[in-house]
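Structure file my_file.cif (mmCIF, C-alpha atoms and all ligand atoms) is printed below.
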data_structure
loop_
_atom_site.label_atom_id
_atom_site.label_comp_id
_atom_site.auth_asym_id
_atom_site.auth_seq_id
_atom_site.Cartn_x
_atom_site.Cartn_y
_atom_site.Cartn_z
CA MET E 1 -15.44 28.15 -10.52
CA PRO E 2 -12.47 28.43 -12.94
CA ASN E 3 -10.71 25.16 -13.84
CA ASP E 4 -7.33 26.23 -12.46
CA VAL E 5 -8.93 26.88 -9.05
CA LEU E 6 -10.53 23.42 -9.12
CA ASP E 7 -7.15 21.89 -10.03
CA GLN E 8 -5.56 23.65 -7.07
CA GLN E 9 -8.27 22.31 -4.79
CA GLU E 10 -7.68 18.75 -5.95
CA ASP E 11 -3.94 19.20 -5.64
CA LEU E 12 -4.37 20.44 -2.07
CA LEU E 13 -6.73 17.61 -1.14
CA LEU E 14 -4.31 15.01 -2.50
CA HIS E 15 -1.44 16.71 -0.70
CA ARG E 16 -3.33 16.69 2.61
CA LEU E 17 -4.29 13.06 2.13
CA ASN E 18 -0.68 12.09 1.48
CA GLU E 19 0.42 13.97 4.60
CA LYS E 20 -2.06 11.87 6.57
CA ILE E 21 -0.92 8.63 4.91
CA ILE E 22 2.73 9.30 5.72
CA ARG E 23 1.85 9.40 9.44
CA CYS E 24 -0.35 6.29 9.35
CA LYS E 25 0.52 3.38 11.66
CA LEU E 26 -2.67 1.39 11.34
CA CYS E 27 -0.95 -1.87 10.39
CA PRO E 28 1.57 -2.83 13.11
CA ARG E 29 3.23 -5.57 11.04
CA LEU E 30 3.92 -3.24 8.10
CA THR E 31 4.93 -0.30 10.27
CA LYS E 32 7.56 -2.50 11.93
CA TYR E 33 8.68 -4.08 8.65
CA ILE E 34 9.30 -0.83 6.74
CA ARG E 35 11.11 0.80 9.65
CA GLU E 36 13.62 -2.05 9.71
CA PHE E 37 15.00 -0.73 6.40
CA ARG E 38 16.39 2.31 8.18
CA THR E 39 19.08 0.06 9.61
CA THR E 40 18.98 -3.08 7.41
CA LYS E 41 19.95 -2.38 3.80
CA THR E 42 21.12 -4.43 0.86
CA LYS E 43 24.75 -4.00 -0.17
CA ARG E 44 23.58 -2.06 -3.25
CA ASP E 45 21.70 0.43 -1.08
CA LEU E 46 24.24 1.05 1.68
CA ASP E 47 24.65 4.71 0.64
CA HIS E 48 20.92 5.48 0.63
CA VAL E 49 18.83 6.82 3.47
CA TYR E 50 15.60 4.85 3.26
CA TRP E 51 12.26 6.68 3.36
CA ALA E 52 10.87 3.79 5.47
CA LYS E 53 7.39 5.30 5.97
CA PRO E 54 4.07 4.89 4.14
CA VAL E 55 4.71 6.08 0.59
CA PRO E 56 2.83 9.02 -0.96
CA THR E 57 1.18 8.68 -4.33
CA PHE E 58 1.68 11.20 -7.12
CA GLY E 59 0.68 12.47 -10.51
CA ASP E 60 -1.59 14.93 -12.26
CA PRO E 61 -4.47 16.11 -9.99
CA LYS E 62 -6.77 16.21 -13.00
CA ALA E 63 -5.67 12.87 -14.42
CA ARG E 64 -7.90 10.92 -16.74
CA LEU E 65 -5.72 7.81 -16.30
CA LEU E 66 -5.44 6.24 -12.86
CA VAL E 67 -2.99 3.38 -12.32
CA ILE E 68 -3.43 1.22 -9.22
CA GLY E 69 -0.54 -1.01 -8.21
CA LEU E 70 -0.09 -3.43 -5.33
CA ALA E 71 2.22 -1.67 -2.86
CA PRO E 72 5.54 0.17 -2.74
CA ALA E 73 8.57 -2.08 -3.27
CA ALA E 74 10.80 -2.54 -0.22
CA HIS E 75 13.85 -1.21 -2.11
CA GLY E 76 11.83 1.00 -4.51
CA GLY E 77 9.19 3.35 -3.10
CA ASN E 78 10.11 2.42 0.47
CA ARG E 79 13.65 3.61 -0.28
CA THR E 80 13.00 6.65 -2.47
CA GLY E 81 9.76 7.92 -0.88
CA ARG E 82 7.80 7.99 -4.14
CA ILE E 83 5.63 5.21 -5.46
CA PHE E 84 6.93 3.31 -8.56
CA THR E 85 10.31 4.97 -8.14
CA GLY E 86 13.71 3.30 -8.00
CA ASP E 87 12.67 -0.24 -8.85
CA SER E 88 12.09 -2.37 -11.94
CA SER E 89 8.28 -2.11 -11.81
CA GLY E 90 8.64 1.67 -11.83
CA ASP E 91 11.06 1.41 -14.77
CA TRP E 92 8.51 -0.54 -16.79
CA LEU E 93 5.60 1.64 -15.81
CA VAL E 94 7.17 5.02 -16.46
CA LYS E 95 8.73 3.92 -19.75
CA ALA E 96 5.27 2.83 -20.94
CA LEU E 97 3.70 6.08 -19.69
CA PHE E 98 6.36 8.07 -21.54
CA GLU E 99 5.87 6.12 -24.77
CA THR E 100 2.13 6.75 -24.66
CA GLY E 101 2.37 10.45 -23.78
CA PHE E 102 1.55 10.30 -20.05
CA ALA E 103 5.02 11.26 -18.76
CA ASN E 104 7.69 13.80 -19.69
CA LYS E 105 10.57 11.30 -19.40
CA PRO E 106 11.01 7.50 -19.48
CA THR E 107 12.65 6.98 -16.09
CA SER E 108 11.65 7.17 -12.43
CA ILE E 109 14.71 7.25 -10.22
CA SER E 110 14.15 9.58 -7.27
CA LYS E 111 11.66 12.10 -5.89
CA ASP E 112 13.65 15.00 -7.38
CA ASP E 113 14.35 13.48 -10.83
CA GLY E 114 12.08 15.92 -12.70
CA LEU E 115 9.50 13.32 -13.68
CA ILE E 116 6.14 14.93 -14.44
CA LEU E 117 3.09 12.82 -15.16
CA LYS E 118 0.67 14.26 -17.69
CA ASP E 119 -2.97 13.20 -17.31
CA ALA E 120 -1.99 10.21 -15.15
CA TYR E 121 -1.96 9.46 -11.42
CA LEU E 122 -0.20 6.54 -9.72
CA THR E 123 -1.46 4.90 -6.58
CA ALA E 124 -1.58 1.48 -4.90
CA ALA E 125 -3.73 -0.86 -2.83
CA THR E 126 -1.43 -0.44 0.19
CA ARG E 127 1.05 2.34 0.98
CA CYS E 128 3.53 0.37 3.07
CA ALA E 129 5.82 -2.20 1.51
CA PRO E 130 4.72 -5.65 2.69
CA PRO E 131 7.03 -8.65 3.30
CA GLN E 132 7.22 -10.82 0.13
CA ASN E 133 4.91 -8.27 -1.57
CA LYS E 134 1.98 -9.89 0.21
CA PRO E 135 -0.23 -7.63 2.31
CA THR E 136 -2.84 -9.39 4.45
CA SER E 137 -6.52 -8.88 3.71
CA LEU E 138 -6.82 -6.75 6.86
CA GLU E 139 -3.93 -4.52 5.74
CA ILE E 140 -5.57 -4.07 2.34
CA THR E 141 -8.88 -3.23 4.02
CA ASN E 142 -7.13 -0.75 6.34
CA CYS E 143 -5.48 1.02 3.42
CA SER E 144 -8.57 1.00 1.17
CA GLN E 145 -9.81 4.12 2.95
CA TYR E 146 -6.93 6.07 1.38
CA LEU E 147 -7.44 4.63 -2.08
CA LEU E 148 -11.14 5.38 -1.89
CA ALA E 149 -10.44 8.96 -0.77
CA GLU E 150 -8.06 9.43 -3.73
CA LEU E 151 -10.52 7.98 -6.19
CA LYS E 152 -13.16 10.40 -4.91
CA ILE E 153 -10.84 13.40 -5.30
CA LEU E 154 -9.98 12.29 -8.85
CA GLU E 155 -13.52 11.12 -9.64
CA LYS E 156 -14.48 14.05 -11.88
CA THR E 157 -11.67 13.54 -14.36
CA THR E 158 -10.88 9.80 -14.23
CA LYS E 159 -11.85 7.98 -17.42
CA VAL E 160 -9.63 4.90 -17.37
CA ILE E 161 -8.44 2.84 -14.40
CA VAL E 162 -5.57 0.40 -14.98
CA VAL E 163 -5.24 -2.19 -12.23
CA LEU E 164 -1.89 -3.97 -11.98
CA GLY E 165 -2.18 -7.52 -10.70
CA LYS E 166 -4.90 -9.56 -9.00
CA ILE E 167 -4.71 -7.81 -5.62
CA ALA E 168 -5.25 -4.36 -7.16
CA PHE E 169 -8.06 -5.80 -9.31
CA ASP E 170 -9.78 -7.47 -6.33
CA THR E 171 -9.34 -4.37 -4.17
CA TYR E 172 -10.90 -2.09 -6.77
CA CYS E 173 -13.84 -4.45 -7.40
CA ALA E 174 -14.45 -4.91 -3.66
CA MET E 175 -14.41 -1.15 -2.98
CA TYR E 176 -17.07 -0.51 -5.60
CA HIS E 177 -19.02 -3.76 -5.00
CA ILE E 178 -18.36 -4.85 -8.59
CA LYS E 179 -19.16 -8.51 -9.18
CA GLY E 180 -18.75 -10.92 -12.09
CA LEU E 181 -15.55 -9.54 -13.65
CA LYS E 182 -12.68 -11.92 -14.31
CA PHE E 183 -9.00 -11.18 -13.77
CA GLY E 184 -6.80 -11.56 -16.85
CA HIS E 185 -4.26 -9.57 -18.82
CA ASN E 186 -5.70 -6.89 -21.13
CA LYS E 187 -9.29 -7.54 -20.11
CA ILE E 188 -11.18 -4.30 -20.70
CA TYR E 189 -14.47 -3.57 -18.96
CA THR E 190 -16.86 -0.64 -19.25
CA LEU E 191 -18.16 0.05 -15.74
CA SER E 192 -21.63 1.24 -14.80
CA ASN E 193 -20.23 4.73 -14.12
CA ASP E 194 -18.97 4.86 -17.75
CA LYS E 195 -15.35 4.61 -16.70
CA THR E 196 -13.18 1.91 -18.28
CA LEU E 197 -11.34 -0.67 -16.22
CA ILE E 198 -8.26 -2.20 -17.86
CA VAL E 199 -6.82 -5.24 -16.13
CA SER E 200 -3.11 -6.00 -16.40
CA TYR E 201 -0.55 -8.38 -15.01
CA HIS E 202 1.74 -6.63 -12.54
CA PRO E 203 5.13 -5.62 -14.01
CA SER E 204 7.02 -7.36 -11.19
CA ARG E 205 10.29 -9.09 -11.99
CA ARG E 206 8.57 -12.43 -11.45
CA ASN E 207 6.35 -11.65 -14.45
CA THR E 208 8.76 -9.69 -16.65
CA ASN E 209 11.77 -11.99 -16.16
CA THR E 210 9.78 -15.12 -16.96
CA GLY E 211 8.01 -13.81 -20.06
CA THR E 212 4.62 -13.98 -18.34
CA LEU E 213 4.48 -10.27 -19.14
CA THR E 214 6.34 -9.20 -22.28
CA TRP E 215 6.98 -5.60 -23.27
CA GLN E 216 4.46 -5.87 -26.10
CA MET E 217 1.76 -7.19 -23.75
CA TRP E 218 2.57 -4.34 -21.36
CA ILE E 219 2.60 -1.47 -23.84
CA ASN E 220 -0.72 -2.74 -25.27
CA ILE E 221 -2.33 -1.80 -21.94
CA PHE E 222 -1.22 1.83 -22.13
CA GLU E 223 -1.91 2.14 -25.84
CA ALA E 224 -5.47 0.99 -25.10
CA ALA E 225 -5.75 3.55 -22.29
CA ARG E 226 -4.44 6.28 -24.59
CA SER E 227 -6.92 5.38 -27.34
CA ILE E 228 -9.89 5.40 -24.96
CA ILE E 229 -8.87 8.72 -23.41
CA ASP E 230 -8.28 10.33 -26.81
CA LEU E 231 -11.65 9.09 -28.04
CA GLU E 232 -13.41 10.41 -24.92
CA GLY E 233 -11.61 13.73 -25.40
CA LYS E 234 -13.01 14.05 -28.92
CA LYS E 235 -16.56 13.50 -27.65
CA GLU E 236 -16.31 16.32 -25.08
S1 LIG E 301 -0.63 -0.09 4.72
FE1 LIG E 301 -1.90 1.75 4.67
S2 LIG E 301 -3.29 1.54 6.42
FE2 LIG E 301 -1.57 0.14 6.76
S3 LIG E 301 -0.08 1.31 7.98
FE3 LIG E 301 0.48 1.54 5.82
S4 LIG E 301 -0.54 3.44 5.19
FE4 LIG E 301 -1.53 2.78 7.09
#

With the file now loaded, output its structure as C-alpha cells.
Ligand code: SF4
Amino acid sequence: MPNDVLDQQEDLLLHRLNEKIIRCKLCPRLTKYIREFRTTKTKRDLDHVYWAKPVPTFGDPKARLLVIGLAPAAHGGNRTGRIFTGDSSGDWLVKALFETGFANKPTSISKDDGLILKDAYLTAATRCAPPQNKPTSLEITNCSQYLLAELKILEKTTKVIVVLGKIAFDTYCAMYHIKGLKFGHNKIYTLSNDKTLIVSYHPSRRNTNTGTLTWQMWINIFEAARSIIDLEGKKE
C-alpha cells in the first residue's frame, strides 16, 4: 500500500480516537473539575471560552518522536482545547521542538495558530486536567487505554519516546511491563523493541522557575532525540 495511503489511515485512526476521548466521562472527579472552568475563570482568562473537555492530542501521524506529558494544564490545554497549548509548559516544549527541527514555529498559543509538528506527536498520561496536576492512580489507569491505542497507531514509525516527569515515566513503564529502569533527567534507555526511551523532568513552572530544569538541560533532551532519529534515518 502506498505510504500516503498509510499516513491517511493513521491520521484517520488518531482523529477517531480523539473524537472518542473528547466524549469520555470515565473519571467523575476530573469530568466535574474541568467543567467548572466554563464558569470559573482567572481574571487573566475572563475573555476566553474554556474548552473544558478531555483534550485531544496532536502531531504528525507518522512521527518518529513521541512526547508523553502528564496531563493538560487547567488554564492551558483545558482552556485552548489542544495539548501543550497556551501555557508555560507548552511554551518550553514547542520552543525546544522548533529549535531541533520538529516544529514549524516556536510558539503554541491556540488551536488555530498555524503550528505544525514535523515528525513529532504530543500526548499525555491523562487527557483531563487534574486538580493540583495530580491524577489518581485509577484516573491514570482509566486513561491508559487511550495512550496505549495511540502508541499502537504510531508504533510503526516511533523511534524515540520522551517521557516528561515521573508520572509519564511510570505510566509508560507500567503499560509495557518494563521493570528496572530508574527515573532521572536525561536518562536514555534502549528498549527491547529497539525504541529509545528518554526520560526528562517535566517543564512545569515548579521545575523551570526553581532551576531544577534549566533551558540547557531541557534542550539536551531534544537534541539527543534529534541525533538518535537522524542516525536511525541514515541506517534505513
Ligand atoms: S482522564 Fe481520560 S479516562 Fe478519565 S475522563 Fe478524562 S479522558 Fe476519560

Could you make a table, as JSON lines, of the residues of stretch 171-229 of chain E that have an atom within 8 Å of an atom of stretch 57-76 of chain E, each with its nearest atom pair and distance in Å to one decimal, counting all atoms listed in the file, in chain and number order?
{"residue": "E:His202", "atom": "CA", "partner": "E:Gly69", "partner_atom": "CA", "distance": 7.5}
{"residue": "E:Ala225", "atom": "CA", "partner": "E:Leu65", "partner_atom": "CA", "distance": 7.4}
{"residue": "E:Ile229", "atom": "CA", "partner": "E:Arg64", "partner_atom": "CA", "distance": 7.1}

Calculated over all atoms listed in the file, which of the candidates E:Val55, E:Gly233, E:Val162, E:Tyr176 has the smallest distance to E:Tyr189?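 Smallest separation from E:Tyr189 among the options: E:Val162.
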
ask   = Residues within 6 Å of ligand LIG 301 (chain E) (only C-alpha atoms and all ligand atoms), as a list in words?
value =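 The residues near ligand LIG 301 (chain E) are Ile21, Cys24, Lys25, Leu26, Cys27, Thr31, Pro54, Thr126, Arg127, Cys128, Glu139, Asn142 and Cys143 of chain E.
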
Using all atoms listed in the file, can you list as an MDAnalysis selection string the residues within 10 Å of (15.4, 8.9, -6.7)? chainID E and resid 48 76:77 79:82 85:87 107:114

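Distances to E:Val163 were evaluated for E:Ala120, E:His177, E:Ile221, E:Phe37 using only C-alpha atoms, and the minimum falls at E:Ile221.
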
Min atom-atom distance to E:Lys159 from the set E:Lys134, E:Lys195, E:Arg35, E:Lys118, counting only C-alpha atoms, belongs to E:Lys195

Next item on the list: Work out how far atom CA of E:His15 is from atom CA of E:Phe102, in Å to one decimal.
Entry: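 Straight-line distance from atom CA of E:Phe102 to atom CA of E:His15 works out to 20.6 Å.
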
For E:Leu115, which of E:Phe84, E:Ile34, E:Pro135, E:Ser144 is the closest residue, counting all atoms listed in the file?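 Result for the nearest residue to E:Leu115: E:Phe84.
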